[in-house]
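Trainee: I'd like to ask you about the structure that follows.
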Amino acid sequence: MIRRKKMAELVAREKKMQEQKEQMEKSEVERAKLLQRFLDSEAQKYLSSLKQKESPIGKRVEDILLYLIVYRGLRQTITQLDVRYVERQVKGEGPKIRVQRDGETSDFGSYVREAIKDSSDESGKD
């Protein structure tokens, strides 16, 4: 009797695990369909390469895009630029504008800070 009970529990646990696995596969298929529908081809390529190179960040970007599509009702085509924007937000990176001057490339932010510092130094001397 105890063996039958344990066997029944084991079968029930196995069945539950199988159902969870099927549910996960079904949700992955739905996710892929949504992404294919709303991402343009370049964005799809970029997202898949991001998921291969930096898996956690790629997964997070994908989750955010799906959230926007499903819960926020975003119905426009998402471009590669949009995906890159979300990626930068996830990574916490700000915009980077480069300035090339006298053969030297520098960040625009540091260029502006230098200019502000130089102008305040000169106004302080007067």
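Ordering of the structure tokens sets the chain letters (A, B, ...); residue numbers start at 1 within each chain; ligands are numbered from 1 in the order shown.
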Do a neighbour search on Ser48 of chain A at 12 Å with only C-alpha atoms, toss out local chain neighbours closer than 2 positions, and write the hits as an NGL selection string.
Mentor: :A and (32 or 35-36 or 39 or 41-46 or 50-55 or 57-59 or 61-62 or 80 or 83)
Trainee: Go ahead and dump the residues you just picked, N, CA, C and O atoms, as an mmCIF file, in the first residue's frame.
Mentor:
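Listing of selection.cif after writing:
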data_model
loop_
_atom_site.group_PDB
_atom_site.id
_atom_site.type_symbol
_atom_site.label_atom_id
_atom_site.label_comp_id
_atom_site.auth_asym_id
_atom_site.auth_seq_id
_atom_site.Cartn_x
_atom_site.Cartn_y
_atom_site.Cartn_z
ATOM 1 N N ALA A 32 8.638 33.989 -29.274
ATOM 2 C CA ALA A 32 9.342 34.064 -30.558
ATOM 3 C C ALA A 32 8.425 34.629 -31.645
ATOM 4 O O ALA A 32 8.861 35.441 -32.472
ATOM 5 N N LEU A 35 8.086 38.435 -31.100
ATOM 6 C CA LEU A 35 9.303 39.139 -31.492
ATOM 7 C C LEU A 35 9.463 39.156 -33.007
ATOM 8 O O LEU A 35 9.861 40.166 -33.585
ATOM 9 N N GLN A 36 9.145 38.056 -33.643
ATOM 10 C CA GLN A 36 9.275 37.995 -35.103
ATOM 11 C C GLN A 36 8.303 38.958 -35.772
ATOM 12 O O GLN A 36 8.617 39.559 -36.786
ATOM 13 N N LEU A 39 9.660 42.899 -34.518
ATOM 14 C CA LEU A 39 11.037 43.326 -34.731
ATOM 15 C C LEU A 39 11.371 43.221 -36.212
ATOM 16 O O LEU A 39 11.026 42.231 -36.859
ATOM 17 N N SER A 41 14.097 42.787 -39.373
ATOM 18 C CA SER A 41 15.104 41.732 -39.532
ATOM 19 C C SER A 41 16.439 42.102 -38.877
ATOM 20 O O SER A 41 17.082 41.266 -38.242
ATOM 21 N N GLU A 42 16.857 43.348 -39.017
ATOM 22 C CA GLU A 42 18.121 43.777 -38.404
ATOM 23 C C GLU A 42 18.045 43.717 -36.881
ATOM 24 O O GLU A 42 18.995 43.318 -36.216
ATOM 25 N N ALA A 43 16.909 44.102 -36.329
ATOM 26 C CA ALA A 43 16.727 44.066 -34.876
ATOM 27 C C ALA A 43 16.745 42.627 -34.370
ATOM 28 O O ALA A 43 17.317 42.332 -33.316
ATOM 29 N N GLN A 44 16.135 41.717 -35.134
ATOM 30 C CA GLN A 44 16.143 40.300 -34.754
ATOM 31 C C GLN A 44 17.558 39.753 -34.743
ATOM 32 O O GLN A 44 17.962 39.044 -33.805
ATOM 33 N N LYS A 45 18.336 40.089 -35.768
ATOM 34 C CA LYS A 45 19.718 39.623 -35.843
ATOM 35 C C LYS A 45 20.532 40.178 -34.671
ATOM 36 O O LYS A 45 21.300 39.457 -34.041
ATOM 37 N N TYR A 46 20.346 41.467 -34.391
ATOM 38 C CA TYR A 46 21.108 42.099 -33.311
ATOM 39 C C TYR A 46 20.746 41.481 -31.963
ATOM 40 O O TYR A 46 21.623 41.188 -31.157
ATOM 41 N N LEU A 50 23.170 39.445 -29.498
ATOM 42 C CA LEU A 50 23.322 39.935 -28.127
ATOM 43 C C LEU A 50 23.051 38.814 -27.129
ATOM 44 O O LEU A 50 23.771 38.672 -26.140
ATOM 45 N N LYS A 51 22.047 38.004 -27.402
ATOM 46 C CA LYS A 51 21.727 36.886 -26.511
ATOM 47 C C LYS A 51 22.835 35.848 -26.507
ATOM 48 O O LYS A 51 23.066 35.184 -25.500
ATOM 49 N N GLN A 52 23.553 35.703 -27.624
ATOM 50 C CA GLN A 52 24.665 34.758 -27.666
ATOM 51 C C GLN A 52 25.884 35.317 -26.939
ATOM 52 O O GLN A 52 26.548 34.604 -26.191
ATOM 53 N N LYS A 53 26.182 36.604 -27.165
ATOM 54 C CA LYS A 53 27.374 37.211 -26.567
ATOM 55 C C LYS A 53 27.192 37.485 -25.083
ATOM 56 O O LYS A 53 28.067 37.169 -24.280
ATOM 57 N N GLU A 54 26.081 38.118 -24.737
ATOM 58 C CA GLU A 54 25.806 38.508 -23.353
ATOM 59 C C GLU A 54 24.409 38.021 -22.987
ATOM 60 O O GLU A 54 23.453 38.773 -23.030
ATOM 61 N N SER A 55 24.326 36.762 -22.633
ATOM 62 C CA SER A 55 23.052 36.098 -22.418
ATOM 63 C C SER A 55 22.123 36.799 -21.415
ATOM 64 O O SER A 55 20.960 37.010 -21.719
ATOM 65 N N ILE A 57 21.975 39.922 -20.404
ATOM 66 C CA ILE A 57 21.538 41.225 -20.917
ATOM 67 C C ILE A 57 20.585 41.026 -22.083
ATOM 68 O O ILE A 57 19.555 41.696 -22.178
ATOM 69 N N GLY A 58 20.905 40.086 -22.975
ATOM 70 C CA GLY A 58 20.021 39.794 -24.096
ATOM 71 C C GLY A 58 18.649 39.330 -23.637
ATOM 72 O O GLY A 58 17.620 39.743 -24.188
ATOM 73 N N LYS A 59 18.630 38.507 -22.618
ATOM 74 C CA LYS A 59 17.362 38.009 -22.066
ATOM 75 C C LYS A 59 16.564 39.151 -21.462
ATOM 76 O O LYS A 59 15.351 39.255 -21.654
ATOM 77 N N VAL A 61 16.767 42.385 -22.230
ATOM 78 C CA VAL A 61 16.301 43.243 -23.323
ATOM 79 C C VAL A 61 15.072 42.612 -23.968
ATOM 80 O O VAL A 61 14.073 43.298 -24.237
ATOM 81 N N GLU A 62 15.137 41.317 -24.218
ATOM 82 C CA GLU A 62 13.997 40.609 -24.813
ATOM 83 C C GLU A 62 12.764 40.715 -23.913
ATOM 84 O O GLU A 62 11.658 40.980 -24.393
ATOM 85 N N GLN A 80 16.580 48.125 -35.032
ATOM 86 C CA GLN A 80 17.826 47.787 -34.358
ATOM 87 C C GLN A 80 18.242 48.914 -33.415
ATOM 88 O O GLN A 80 18.735 48.667 -32.315
ATOM 89 N N VAL A 83 16.417 48.513 -30.182
ATOM 90 C CA VAL A 83 16.970 47.411 -29.390
ATOM 91 C C VAL A 83 18.264 47.854 -28.725
ATOM 92 O O VAL A 83 18.498 47.578 -27.541
#
Trainee: Quick check for you: according to DSSP on this backbone, which residues of segment 41-106 of chain A are classed as strand (DSSP E or B)? Reply as a PyMOL selection string.
Mentor: chain A and resi 78+98-101+104-106
Trainee: Work out how far apart atom CA of Gln76 of chain A and atom CA of Ile64 of chain A are and give it in Å to one decimal.
Mentor: 15.0 Å
Trainee: What is the atom CA of Ser27 of chain A-atom CA of Thr77 of chain A distance in Å, reported with one decimal?
Mentor: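 Going from atom CA of Ser27 of chain A over to atom CA of Thr77 of chain A, I get 21.4 Å.
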Trainee: Would you compute the distance between atom CA of Leu10 of chain A and atom CA of Glu22 of chain A? Give it in Å to one decimal.
Mentor: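 Distance reported for this atom pair: 18.4 Å.
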Trainee: Got a sec to tell me which of segment 14-102 of chain A DSSP assigns to alpha helix (DSSP H), as a PyMOL selection string?
Mentor: chain A and resi 14-38+41-53+55-70+80-91
